[in-house]
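Everything on this sheet refers to the single structure shown next.
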Amino acid sequence: MGWWQKLKIDPFLLTLITVVMIASFFPCEGEVKTWFQHLTTAAIALLFFMHGAKLSRDAILAGIGHWRLHLIIFFSTFVLFPILGMGLHFIVPEWMSSTVYMGFLYLCALPATVQSAIAFTSVARGNVAAAICSASASSLLGVFLSPLLVGFLIQIHDGVGDSTGNSAVHPDTWKAIKDIILQLMVPFIVGHLSRPLIADWVERHKKLVNVTDRSSILLVVYVAFSEAVVEGIWHKIDAYSLVMIGIVCCVLLAMVLTINVCSSRLFGFSKEDEITIVFCGSKKSLANGVPMANVLFPAAMVGIMLLPLMIFHQIQLMVCAVLANRYAARRKKAE
(Lines give C-alpha, C1' and ligand atoms only; values in the text may rest on other atoms or scores of the structure.)
Protein backbone atom coordinates (compact mmCIF):
# COMPACT_ATOMS: atom_id res chain seq x y z
CA MET A 1 0.00 0.00 0.00
CA GLY A 2 1.41 3.39 -1.03
CA TRP A 3 1.74 6.27 1.39
CA TRP A 4 -1.00 8.21 -0.45
CA GLN A 5 -3.37 5.26 0.10
CA LYS A 6 -2.60 5.22 3.82
CA LEU A 7 -3.40 8.93 3.96
CA LYS A 8 -6.47 8.36 1.73
CA ILE A 9 -5.12 10.83 -0.82
CA ASP A 10 -6.66 10.39 -4.25
CA PRO A 11 -3.87 9.51 -6.74
CA PHE A 12 -5.68 11.70 -9.27
CA LEU A 13 -5.05 14.69 -6.99
CA LEU A 14 -1.32 13.97 -7.16
CA THR A 15 -1.61 13.95 -10.94
CA LEU A 16 -3.49 17.27 -10.83
CA ILE A 17 -0.75 18.79 -8.68
CA THR A 18 1.85 17.51 -11.14
CA VAL A 19 -0.02 19.12 -14.04
CA VAL A 20 -0.22 22.41 -12.13
CA MET A 21 3.54 22.27 -11.52
CA ILE A 22 4.22 21.55 -15.20
CA ALA A 23 2.01 24.49 -16.17
CA SER A 24 3.87 26.66 -13.65
CA PHE A 25 7.27 25.94 -15.22
CA PHE A 26 6.24 25.21 -18.81
CA PRO A 27 3.06 27.16 -19.62
CA CYS A 28 1.67 26.90 -23.15
CA GLU A 29 1.85 30.18 -25.07
CA GLY A 30 1.47 31.50 -28.60
CA GLU A 31 0.50 29.04 -31.33
CA VAL A 32 0.91 26.11 -28.93
CA LYS A 33 -1.67 27.72 -26.63
CA THR A 34 -4.14 28.11 -29.54
CA TRP A 35 -3.67 24.45 -30.47
CA PHE A 36 -4.21 23.37 -26.86
CA GLN A 37 -7.37 25.50 -26.60
CA HIS A 38 -8.89 23.77 -29.63
CA LEU A 39 -7.87 20.40 -28.21
CA THR A 40 -9.45 21.36 -24.88
CA THR A 41 -12.76 22.24 -26.55
CA ALA A 42 -12.81 18.86 -28.29
CA ALA A 43 -11.84 17.04 -25.07
CA ILE A 44 -14.66 18.71 -23.12
CA ALA A 45 -17.18 17.75 -25.81
CA LEU A 46 -15.92 14.15 -25.66
CA LEU A 47 -16.09 14.20 -21.85
CA PHE A 48 -19.79 15.13 -21.82
CA PHE A 49 -20.56 12.81 -24.71
CA MET A 50 -19.24 9.93 -22.61
CA HIS A 51 -21.19 11.16 -19.55
CA GLY A 52 -24.36 10.99 -21.64
CA ALA A 53 -23.49 7.55 -22.94
CA LYS A 54 -22.91 6.22 -19.40
CA LEU A 55 -26.20 7.54 -17.97
CA SER A 56 -28.75 4.75 -17.62
CA ARG A 57 -32.42 5.68 -17.76
CA ASP A 58 -33.32 2.48 -15.90
CA ALA A 59 -31.09 3.48 -12.99
CA ILE A 60 -32.70 6.92 -12.83
CA LEU A 61 -36.24 5.53 -12.93
CA ALA A 62 -35.37 3.07 -10.16
CA GLY A 63 -34.95 5.86 -7.62
CA ILE A 64 -37.02 8.70 -9.04
CA GLY A 65 -40.05 8.12 -6.81
CA HIS A 66 -38.25 9.12 -3.59
CA TRP A 67 -39.04 12.81 -4.07
CA ARG A 68 -38.58 13.92 -0.42
CA LEU A 69 -35.03 12.59 -0.37
CA HIS A 70 -34.20 14.21 -3.74
CA LEU A 71 -35.68 17.50 -2.59
CA ILE A 72 -33.46 17.72 0.49
CA ILE A 73 -30.37 16.75 -1.55
CA PHE A 74 -31.10 19.41 -4.19
CA PHE A 75 -31.73 21.94 -1.40
CA SER A 76 -28.32 21.13 0.08
CA THR A 77 -26.56 21.36 -3.30
CA PHE A 78 -28.20 24.43 -4.80
CA VAL A 79 -29.49 26.41 -1.77
CA LEU A 80 -27.53 25.52 1.38
CA PHE A 81 -24.12 25.67 -0.26
CA PRO A 82 -24.77 29.09 -1.90
CA ILE A 83 -26.10 30.52 1.40
CA LEU A 84 -22.95 29.37 3.21
CA GLY A 85 -20.86 30.72 0.34
CA MET A 86 -22.42 34.16 0.72
CA GLY A 87 -21.62 34.00 4.44
CA LEU A 88 -17.92 33.78 3.57
CA HIS A 89 -18.12 37.42 2.43
CA PHE A 90 -17.37 38.52 5.99
CA ILE A 91 -13.85 37.06 5.91
CA VAL A 92 -12.87 38.98 2.75
CA PRO A 93 -10.23 40.46 2.52
CA GLU A 94 -8.74 39.41 5.89
CA TRP A 95 -8.53 35.70 5.00
CA MET A 96 -8.80 35.62 1.21
CA SER A 97 -8.74 37.83 -1.85
CA SER A 98 -11.88 38.81 -3.72
CA THR A 99 -10.94 36.54 -6.64
CA VAL A 100 -10.49 33.51 -4.38
CA TYR A 101 -13.85 34.33 -2.82
CA MET A 102 -15.36 34.26 -6.32
CA GLY A 103 -13.85 30.80 -6.61
CA PHE A 104 -15.71 29.74 -3.45
CA LEU A 105 -18.96 31.17 -4.79
CA TYR A 106 -18.39 29.18 -7.97
CA LEU A 107 -17.69 26.05 -5.92
CA CYS A 108 -20.94 26.50 -3.98
CA ALA A 109 -22.97 26.83 -7.19
CA LEU A 110 -21.78 23.57 -8.74
CA PRO A 111 -23.78 20.31 -8.95
CA ALA A 112 -22.92 17.18 -7.02
CA THR A 113 -20.53 14.52 -8.21
CA VAL A 114 -21.94 11.34 -9.75
CA GLN A 115 -19.35 8.57 -9.44
CA SER A 116 -17.97 9.28 -5.97
CA ALA A 117 -21.39 10.08 -4.43
CA ILE A 118 -22.75 6.75 -5.65
CA ALA A 119 -19.58 4.87 -4.70
CA PHE A 120 -19.53 6.19 -1.11
CA THR A 121 -23.26 5.54 -0.73
CA SER A 122 -22.67 1.97 -1.85
CA VAL A 123 -19.73 1.45 0.52
CA ALA A 124 -21.74 2.87 3.43
CA ARG A 125 -24.69 0.61 2.48
CA GLY A 126 -27.12 3.41 1.74
CA ASN A 127 -29.93 3.77 -0.81
CA VAL A 128 -27.90 3.31 -4.01
CA ALA A 129 -30.84 3.57 -6.44
CA ALA A 130 -31.83 6.95 -4.97
CA ALA A 131 -28.19 8.07 -5.01
CA ILE A 132 -27.92 7.27 -8.73
CA CYS A 133 -31.09 9.25 -9.41
CA SER A 134 -30.15 12.28 -7.30
CA ALA A 135 -26.53 12.51 -8.43
CA SER A 136 -27.44 12.14 -12.10
CA ALA A 137 -30.26 14.69 -11.86
CA SER A 138 -27.99 17.11 -9.97
CA SER A 139 -25.38 16.85 -12.72
CA LEU A 140 -28.01 17.61 -15.37
CA LEU A 141 -29.63 20.48 -13.46
CA GLY A 142 -26.23 21.99 -12.76
CA VAL A 143 -25.59 22.62 -16.45
CA PHE A 144 -28.43 25.17 -16.35
CA LEU A 145 -28.60 26.19 -12.68
CA SER A 146 -24.90 26.71 -11.97
CA PRO A 147 -24.37 29.61 -14.44
CA LEU A 148 -27.51 31.30 -13.11
CA LEU A 149 -26.41 30.78 -9.51
CA VAL A 150 -22.91 32.11 -10.21
CA GLY A 151 -24.32 35.27 -11.79
CA PHE A 152 -26.80 35.71 -8.94
CA LEU A 153 -24.19 35.19 -6.20
CA ILE A 154 -21.76 37.63 -7.78
CA GLN A 155 -24.50 40.26 -8.09
CA ILE A 156 -25.38 39.77 -4.40
CA HIS A 157 -21.70 40.07 -3.49
CA ASP A 158 -21.36 43.32 -5.44
CA GLY A 159 -24.57 44.62 -3.86
CA VAL A 160 -23.11 44.09 -0.41
CA GLY A 161 -19.89 45.71 -1.57
CA ASP A 162 -16.39 44.51 -2.27
CA SER A 163 -14.20 45.92 0.50
CA THR A 164 -11.09 45.31 -1.56
CA GLY A 165 -12.19 47.84 -4.10
CA ASN A 166 -11.57 45.39 -6.92
CA SER A 167 -14.09 44.64 -9.62
CA ALA A 168 -15.52 41.14 -9.43
CA VAL A 169 -15.54 38.66 -12.25
CA HIS A 170 -18.77 39.06 -14.21
CA PRO A 171 -19.70 36.16 -16.44
CA ASP A 172 -22.24 36.98 -19.16
CA THR A 173 -24.84 34.57 -17.79
CA TRP A 174 -27.01 34.12 -20.87
CA LYS A 175 -24.02 33.86 -23.20
CA ALA A 176 -22.51 31.34 -20.77
CA ILE A 177 -25.70 29.27 -20.83
CA LYS A 178 -25.69 29.32 -24.64
CA ASP A 179 -22.04 28.26 -24.72
CA ILE A 180 -22.67 25.55 -22.13
CA ILE A 181 -25.61 24.21 -24.14
CA LEU A 182 -23.46 24.03 -27.28
CA GLN A 183 -20.25 22.78 -25.68
CA LEU A 184 -21.60 20.59 -22.88
CA MET A 185 -25.30 19.84 -23.18
CA VAL A 186 -25.46 19.03 -26.89
CA PRO A 187 -22.63 16.45 -26.66
CA PHE A 188 -24.29 15.04 -23.53
CA ILE A 189 -27.65 14.62 -25.29
CA VAL A 190 -26.02 13.14 -28.39
CA GLY A 191 -24.10 10.71 -26.18
CA HIS A 192 -27.25 9.68 -24.33
CA LEU A 193 -29.21 9.22 -27.56
CA SER A 194 -26.31 7.11 -28.84
CA ARG A 195 -26.46 4.88 -25.77
CA PRO A 196 -28.46 2.07 -27.46
CA LEU A 197 -25.66 1.79 -30.01
CA ILE A 198 -22.59 2.19 -27.80
CA ALA A 199 -23.75 1.14 -24.31
CA ASP A 200 -22.17 -2.30 -24.58
CA TRP A 201 -18.88 -0.84 -25.81
CA VAL A 202 -18.87 1.69 -22.95
CA GLU A 203 -19.58 -1.07 -20.42
CA ARG A 204 -16.74 -3.22 -21.77
CA HIS A 205 -14.25 -0.33 -21.80
CA LYS A 206 -14.97 1.38 -18.48
CA LYS A 207 -11.28 1.91 -17.78
CA LEU A 208 -10.76 3.59 -21.14
CA VAL A 209 -13.78 5.82 -20.53
CA ASN A 210 -12.43 6.80 -17.09
CA VAL A 211 -9.04 7.61 -18.62
CA THR A 212 -10.80 9.81 -21.18
CA ASP A 213 -12.71 11.62 -18.42
CA ARG A 214 -9.64 12.32 -16.36
CA SER A 215 -7.43 13.17 -19.32
CA SER A 216 -9.96 15.83 -20.37
CA ILE A 217 -9.91 17.36 -16.89
CA LEU A 218 -6.11 17.36 -16.79
CA LEU A 219 -5.95 19.06 -20.18
CA VAL A 220 -8.36 21.80 -19.09
CA VAL A 221 -6.41 22.33 -15.86
CA TYR A 222 -3.11 22.57 -17.76
CA VAL A 223 -4.46 25.17 -20.20
CA ALA A 224 -6.17 27.14 -17.40
CA PHE A 225 -3.11 27.23 -15.17
CA SER A 226 -0.83 28.05 -18.11
CA GLU A 227 -2.91 31.17 -18.70
CA ALA A 228 -2.96 31.92 -14.97
CA VAL A 229 0.83 31.56 -14.69
CA VAL A 230 1.33 33.95 -17.59
CA GLU A 231 -0.97 36.38 -15.75
CA GLY A 232 1.08 35.95 -12.52
CA ILE A 233 -1.07 33.64 -10.39
CA TRP A 234 1.80 32.74 -8.03
CA HIS A 235 2.38 36.41 -7.32
CA LYS A 236 -1.27 36.70 -6.25
CA ILE A 237 -1.64 33.37 -4.36
CA ASP A 238 0.92 32.62 -1.63
CA ALA A 239 1.30 29.76 0.88
CA TYR A 240 -0.85 31.61 3.44
CA SER A 241 -3.70 31.89 0.92
CA LEU A 242 -3.50 28.16 0.13
CA VAL A 243 -3.67 27.29 3.84
CA MET A 244 -6.66 29.59 4.32
CA ILE A 245 -8.42 28.01 1.35
CA GLY A 246 -7.90 24.58 2.91
CA ILE A 247 -9.24 25.72 6.29
CA VAL A 248 -12.32 27.35 4.77
CA CYS A 249 -12.98 24.20 2.69
CA CYS A 250 -12.85 22.05 5.85
CA VAL A 251 -15.24 24.36 7.72
CA LEU A 252 -17.62 24.53 4.75
CA LEU A 253 -17.73 20.74 4.38
CA ALA A 254 -18.15 20.19 8.13
CA MET A 255 -21.13 22.57 8.24
CA VAL A 256 -22.85 20.93 5.26
CA LEU A 257 -22.32 17.40 6.62
CA THR A 258 -23.64 18.38 10.05
CA ILE A 259 -26.72 20.10 8.64
CA ASN A 260 -27.46 17.17 6.32
CA VAL A 261 -27.23 14.59 9.12
CA CYS A 262 -29.43 16.68 11.43
CA SER A 263 -31.97 17.37 8.67
CA SER A 264 -32.27 13.73 7.64
CA ARG A 265 -32.92 12.71 11.25
CA LEU A 266 -35.29 15.60 11.89
CA PHE A 267 -37.47 14.61 8.91
CA GLY A 268 -37.46 10.96 9.90
CA PHE A 269 -35.47 9.42 7.05
CA SER A 270 -34.19 5.87 7.39
CA LYS A 271 -30.49 5.20 7.96
CA GLU A 272 -30.10 4.16 4.30
CA ASP A 273 -31.64 7.45 3.15
CA GLU A 274 -29.55 9.44 5.64
CA ILE A 275 -26.41 7.95 4.11
CA THR A 276 -27.59 8.94 0.63
CA ILE A 277 -28.37 12.49 1.76
CA VAL A 278 -24.99 12.84 3.47
CA PHE A 279 -22.93 11.69 0.48
CA CYS A 280 -25.00 13.16 -2.37
CA GLY A 281 -25.72 16.47 -0.64
CA SER A 282 -22.15 17.30 0.37
CA LYS A 283 -20.28 16.71 -2.91
CA LYS A 284 -19.18 19.21 -5.56
CA SER A 285 -18.23 17.99 -9.01
CA LEU A 286 -14.69 18.54 -10.28
CA ALA A 287 -15.63 16.81 -13.55
CA ASN A 288 -18.39 19.37 -14.23
CA GLY A 289 -16.72 22.32 -12.54
CA VAL A 290 -13.47 22.39 -14.51
CA PRO A 291 -14.93 22.51 -18.04
CA MET A 292 -17.77 24.81 -16.94
CA ALA A 293 -15.30 27.33 -15.50
CA ASN A 294 -13.51 27.25 -18.83
CA VAL A 295 -16.75 28.50 -20.43
CA LEU A 296 -17.95 30.88 -17.71
CA PHE A 297 -14.83 32.90 -16.85
CA PRO A 298 -12.03 34.76 -18.64
CA ALA A 299 -9.09 32.48 -19.38
CA ALA A 300 -6.78 34.51 -17.13
CA MET A 301 -9.07 33.94 -14.13
CA VAL A 302 -9.87 30.23 -14.50
CA GLY A 303 -6.75 28.98 -12.70
CA ILE A 304 -7.43 30.99 -9.53
CA MET A 305 -11.17 30.28 -9.65
CA LEU A 306 -10.50 26.53 -9.67
CA LEU A 307 -8.20 26.46 -6.62
CA PRO A 308 -11.01 26.23 -4.00
CA LEU A 309 -12.75 23.50 -6.04
CA MET A 310 -9.57 21.42 -6.43
CA ILE A 311 -8.76 21.61 -2.72
CA PHE A 312 -12.38 21.00 -1.64
CA HIS A 313 -12.56 18.01 -3.99
CA GLN A 314 -9.69 16.24 -2.24
CA ILE A 315 -10.93 17.09 1.27
CA GLN A 316 -14.42 15.78 0.50
CA LEU A 317 -12.95 12.50 -0.80
CA MET A 318 -10.80 11.97 2.29
CA VAL A 319 -13.53 12.87 4.78
CA CYS A 320 -16.27 10.90 3.02
CA ALA A 321 -14.03 7.83 2.73
CA VAL A 322 -13.71 7.80 6.52
CA LEU A 323 -17.45 8.43 7.00
CA ALA A 324 -18.42 5.68 4.55
CA ASN A 325 -16.29 3.12 6.38
CA ARG A 326 -17.77 4.15 9.74
CA TYR A 327 -21.34 3.94 8.43
CA ALA A 328 -20.60 0.49 6.96
CA ALA A 329 -19.05 -0.74 10.22
CA ARG A 330 -22.04 0.46 12.25
CA ARG A 331 -24.50 -1.17 9.83
CA LYS A 332 -22.58 -4.44 9.99
CA LYS A 333 -22.46 -4.35 13.79
CA ALA A 334 -26.19 -3.57 14.00
CA GLU A 335 -27.01 -6.56 11.82
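Residues in the C-alpha coordinates are named by chain (A, B, ... in the order shown) and by number from 1 within that chain; ligands are numbered from 1 in the order shown.
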
Residues within 10 Å of Leu141 of chain A, only C-alpha atoms, excluding chain neighbours under 4 positions, as a count of residues only: 10

Counting only C-alpha atoms, the residue of A:Val143, A:Ile275, A:Cys28, A:Leu309 that sits nearest Leu296 of chain A: A:Val143

Members of segment 76-301 of chain A assigned alpha helix (DSSP H) by DSSP, as JSON, numbers by chain: {"A": [81, 82, 83, 84, 85, 86, 87, 98, 99, 100, 101, 102, 103, 104, 105, 106, 107, 108, 109, 115, 116, 117, 118, 119, 120, 121, 122, 123, 128, 129, 130, 131, 132, 133, 134, 135, 136, 137, 138, 139, 140, 141, 142, 143, 144, 145, 146, 147, 148, 149, 150, 151, 152, 153, 154, 155, 156, 157, 158, 159, 160, 173, 174, 175, 176, 177, 178, 179, 180, 186, 187, 188, 189, 190, 191, 192, 193, 195, 196, 197, 198, 199, 200, 201, 202, 203, 204, 206, 207, 208, 209, 210, 211, 212, 213, 214, 215, 216, 217, 218, 219, 220, 221, 222, 223, 224, 225, 226, 227, 228, 229, 230, 233, 234, 235, 236, 239, 240, 241, 242, 243, 244, 245, 246, 247, 248, 249, 250, 251, 252, 253, 254, 255, 256, 257, 258, 259, 260, 261, 262, 263, 264, 265, 266, 271, 272, 273, 274, 275, 276, 277, 278, 279, 280, 286, 287, 288, 289, 290, 291, 292, 293, 294, 295, 296, 299, 300, 301]}

Distance of atom CA of Ile277 of chain A from atom CA of Leu71 of chain A, expressed in Å to one decimal place: 9.9 Å

Atom CA of Arg330 of chain A to atom CA of Met255 of chain A, distance in Å rounded to a single decimal: 22.5 Å

Contacts of Gly281 of chain A at 9 Å (only C-alpha atoms; same-chain gap of 2+ positions) as a PyMOL selection string: chain A and resi 72-77+112+117+135+256-257+260+276-279+283-284

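Compared by their closest atoms to Ser241 of chain A, and using only C-alpha atoms, the residues A:Ile217, A:Met102, A:Met96, A:Met301 rank with A:Met96 nearest.
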
Can you tell me which residues surround segment 223-228 of chain A at a distance of at most 8 Å, considering only C-alpha atoms, apart from same-chain residues fewer than 6 positions away, and format the answer as a CSV table (one decimal) with all heavy atoms, in the first residue's frame?
chain,number,residue,atom,x,y,z
A,20,VAL,N,-0.3,21.0,-12.5
A,20,VAL,CA,-0.2,22.4,-12.1
A,20,VAL,C,1.3,22.8,-12.1
A,20,VAL,O,1.6,23.9,-12.5
A,20,VAL,CB,-0.9,22.6,-10.8
A,20,VAL,CG1,-0.6,24.0,-10.2
A,20,VAL,CG2,-2.4,22.5,-10.9
A,23,ALA,N,2.5,23.2,-15.6
A,23,ALA,CA,2.0,24.5,-16.2
A,23,ALA,C,2.7,25.7,-15.6
A,23,ALA,O,2.9,26.7,-16.2
A,23,ALA,CB,0.5,24.6,-15.9
A,24,SER,N,3.2,25.6,-14.3
A,24,SER,CA,3.9,26.7,-13.7
A,24,SER,C,5.3,26.9,-14.3
A,24,SER,O,5.7,28.1,-14.4
A,24,SER,CB,4.0,26.4,-12.2
A,24,SER,OG,2.8,26.2,-11.5
A,26,PHE,N,6.3,25.3,-17.4
A,26,PHE,CA,6.2,25.2,-18.8
A,26,PHE,C,4.8,25.5,-19.3
A,26,PHE,O,4.1,24.7,-19.8
A,26,PHE,CB,6.7,23.8,-19.3
A,26,PHE,CG,8.0,23.3,-18.8
A,26,PHE,CD1,8.1,22.4,-17.7
A,26,PHE,CD2,9.2,23.8,-19.3
A,26,PHE,CE1,9.3,22.0,-17.2
A,26,PHE,CE2,10.4,23.4,-18.8
A,26,PHE,CZ,10.5,22.5,-17.8
A,27,PRO,N,4.4,26.8,-19.2
A,27,PRO,CA,3.1,27.2,-19.6
A,27,PRO,C,3.0,27.2,-21.2
A,27,PRO,O,4.0,27.5,-21.8
A,27,PRO,CB,2.9,28.6,-19.0
A,27,PRO,CG,4.2,29.1,-18.9
A,27,PRO,CD,5.1,27.9,-18.5
A,28,CYS,N,1.8,26.8,-21.7
A,28,CYS,CA,1.7,26.9,-23.2
A,28,CYS,C,1.4,28.3,-23.6
A,28,CYS,O,0.5,29.0,-22.9
A,28,CYS,CB,0.6,25.9,-23.6
A,28,CYS,SG,-1.1,26.2,-22.9
A,29,GLU,N,2.0,28.8,-24.6
A,29,GLU,CA,1.9,30.2,-25.1
A,29,GLU,C,1.8,30.2,-26.6
A,29,GLU,O,2.3,29.2,-27.2
A,29,GLU,CB,3.0,31.1,-24.5
A,29,GLU,CG,3.1,31.2,-23.0
A,29,GLU,CD,4.2,32.1,-22.6
A,29,GLU,OE1,4.0,33.3,-22.7
A,29,GLU,OE2,5.2,31.6,-22.1
A,33,LYS,N,-0.5,27.4,-27.5
A,33,LYS,CA,-1.7,27.7,-26.6
A,33,LYS,C,-3.0,27.6,-27.4
A,33,LYS,O,-3.9,27.0,-27.0
A,33,LYS,CB,-1.5,29.1,-26.0
A,33,LYS,CG,-2.8,29.6,-25.3
A,33,LYS,CD,-2.6,31.0,-24.9
A,33,LYS,CE,-3.9,31.6,-24.4
A,33,LYS,NZ,-3.8,33.1,-24.0
A,36,PHE,N,-3.7,24.0,-28.1
A,36,PHE,CA,-4.2,23.4,-26.9
A,36,PHE,C,-5.6,23.8,-26.6
A,36,PHE,O,-6.4,23.0,-26.1
A,36,PHE,CB,-3.3,23.7,-25.7
A,36,PHE,CG,-2.3,22.7,-25.4
A,36,PHE,CD1,-0.9,22.9,-25.7
A,36,PHE,CD2,-2.6,21.5,-24.7
A,36,PHE,CE1,0.0,22.0,-25.5
A,36,PHE,CE2,-1.6,20.6,-24.4
A,36,PHE,CZ,-0.3,20.8,-24.8
A,37,GLN,N,-6.0,25.0,-26.8
A,37,GLN,CA,-7.4,25.5,-26.6
A,37,GLN,C,-8.4,24.8,-27.5
A,37,GLN,O,-9.5,24.4,-27.0
A,37,GLN,CB,-7.5,27.0,-26.8
A,37,GLN,CG,-6.8,27.8,-25.7
A,37,GLN,CD,-6.8,29.3,-26.1
A,37,GLN,OE1,-6.8,29.7,-27.2
A,37,GLN,NE2,-6.8,30.2,-25.0
A,40,THR,N,-8.7,21.3,-26.1
A,40,THR,CA,-9.5,21.4,-24.9
A,40,THR,C,-10.9,21.4,-25.2
A,40,THR,O,-11.7,20.7,-24.5
A,40,THR,CB,-9.1,22.6,-24.0
A,40,THR,OG1,-7.7,22.5,-23.7
A,40,THR,CG2,-9.9,22.7,-22.8
A,294,ASN,N,-14.2,26.9,-17.6
A,294,ASN,CA,-13.5,27.3,-18.8
A,294,ASN,C,-14.4,28.0,-19.8
A,294,ASN,O,-14.0,28.8,-20.6
A,294,ASN,CB,-13.0,26.0,-19.5
A,294,ASN,CG,-11.9,26.2,-20.5
A,294,ASN,OD1,-10.9,26.8,-20.2
A,294,ASN,ND2,-12.1,25.8,-21.7
A,299,ALA,N,-10.2,33.5,-19.5
A,299,ALA,CA,-9.1,32.5,-19.4
A,299,ALA,C,-8.1,32.8,-18.3
A,299,ALA,O,-7.6,31.9,-17.6
A,299,ALA,CB,-8.4,32.3,-20.7
A,300,ALA,N,-7.8,34.1,-18.1
A,300,ALA,CA,-6.8,34.5,-17.1
A,300,ALA,C,-7.2,34.3,-15.7
A,300,ALA,O,-6.4,34.2,-14.8
A,300,ALA,CB,-6.4,36.0,-17.3
A,301,MET,N,-8.6,34.1,-15.5
A,301,MET,CA,-9.1,33.9,-14.1
A,301,MET,C,-9.4,32.5,-13.8
A,301,MET,O,-9.5,32.2,-12.6
A,301,MET,CB,-10.4,34.8,-14.0
A,301,MET,CG,-10.3,36.2,-14.3
A,301,MET,SD,-9.0,37.1,-13.3
A,301,MET,CE,-9.7,36.8,-11.7
A,302,VAL,N,-9.4,31.6,-14.8
A,302,VAL,CA,-9.9,30.2,-14.5
A,302,VAL,C,-9.0,29.5,-13.5
A,302,VAL,O,-9.5,28.8,-12.6
A,302,VAL,CB,-9.9,29.4,-15.8
A,302,VAL,CG1,-10.2,28.0,-15.5
A,302,VAL,CG2,-11.0,30.0,-16.7
A,303,GLY,N,-7.7,29.7,-13.6
A,303,GLY,CA,-6.7,29.0,-12.7
A,303,GLY,C,-7.0,29.3,-11.2
A,303,GLY,O,-7.1,28.4,-10.4
A,304,ILE,N,-7.2,30.6,-10.9
A,304,ILE,CA,-7.4,31.0,-9.5
A,304,ILE,C,-8.8,30.5,-9.1
A,304,ILE,O,-9.0,30.1,-8.0
A,304,ILE,CB,-7.3,32.5,-9.4
A,304,ILE,CG1,-5.9,33.0,-9.7
A,304,ILE,CG2,-7.7,33.0,-8.0
A,304,ILE,CD1,-5.7,34.5,-9.6

Two-atom distance - atom CA of Val114 of chain A, atom CA of Cys280 of chain A (Å): 8.2 Å

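Excluding Gly268 of chain A itself and same-chain residues fewer than 6 positions from it, the residues having an atom within 12 Å of it are Arg68, Leu69, Val261, Cys262 and Glu274 of chain A, counting only C-alpha atoms.
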
Of the listed residues A:Leu219, A:Leu193, A:Leu242, A:Val202, that which approaches Gly52 of chain A most closely, counting only C-alpha atoms: A:Leu193

Nearest to His192 of chain A by atom-to-atom distance, counting only C-alpha atoms, from A:Val123, A:Val92, A:Val150, A:Ala53: A:Ala53

Option closest in space to Ala131 of chain A, from A:His89, A:Arg195, A:His66, A:Lys332 [counting only C-alpha atoms]: A:His66

For Tyr101 of chain A, the nearest of the candidates A:Leu153, A:Val32, A:Ala334, A:Leu218, counting only C-alpha atoms: A:Leu153
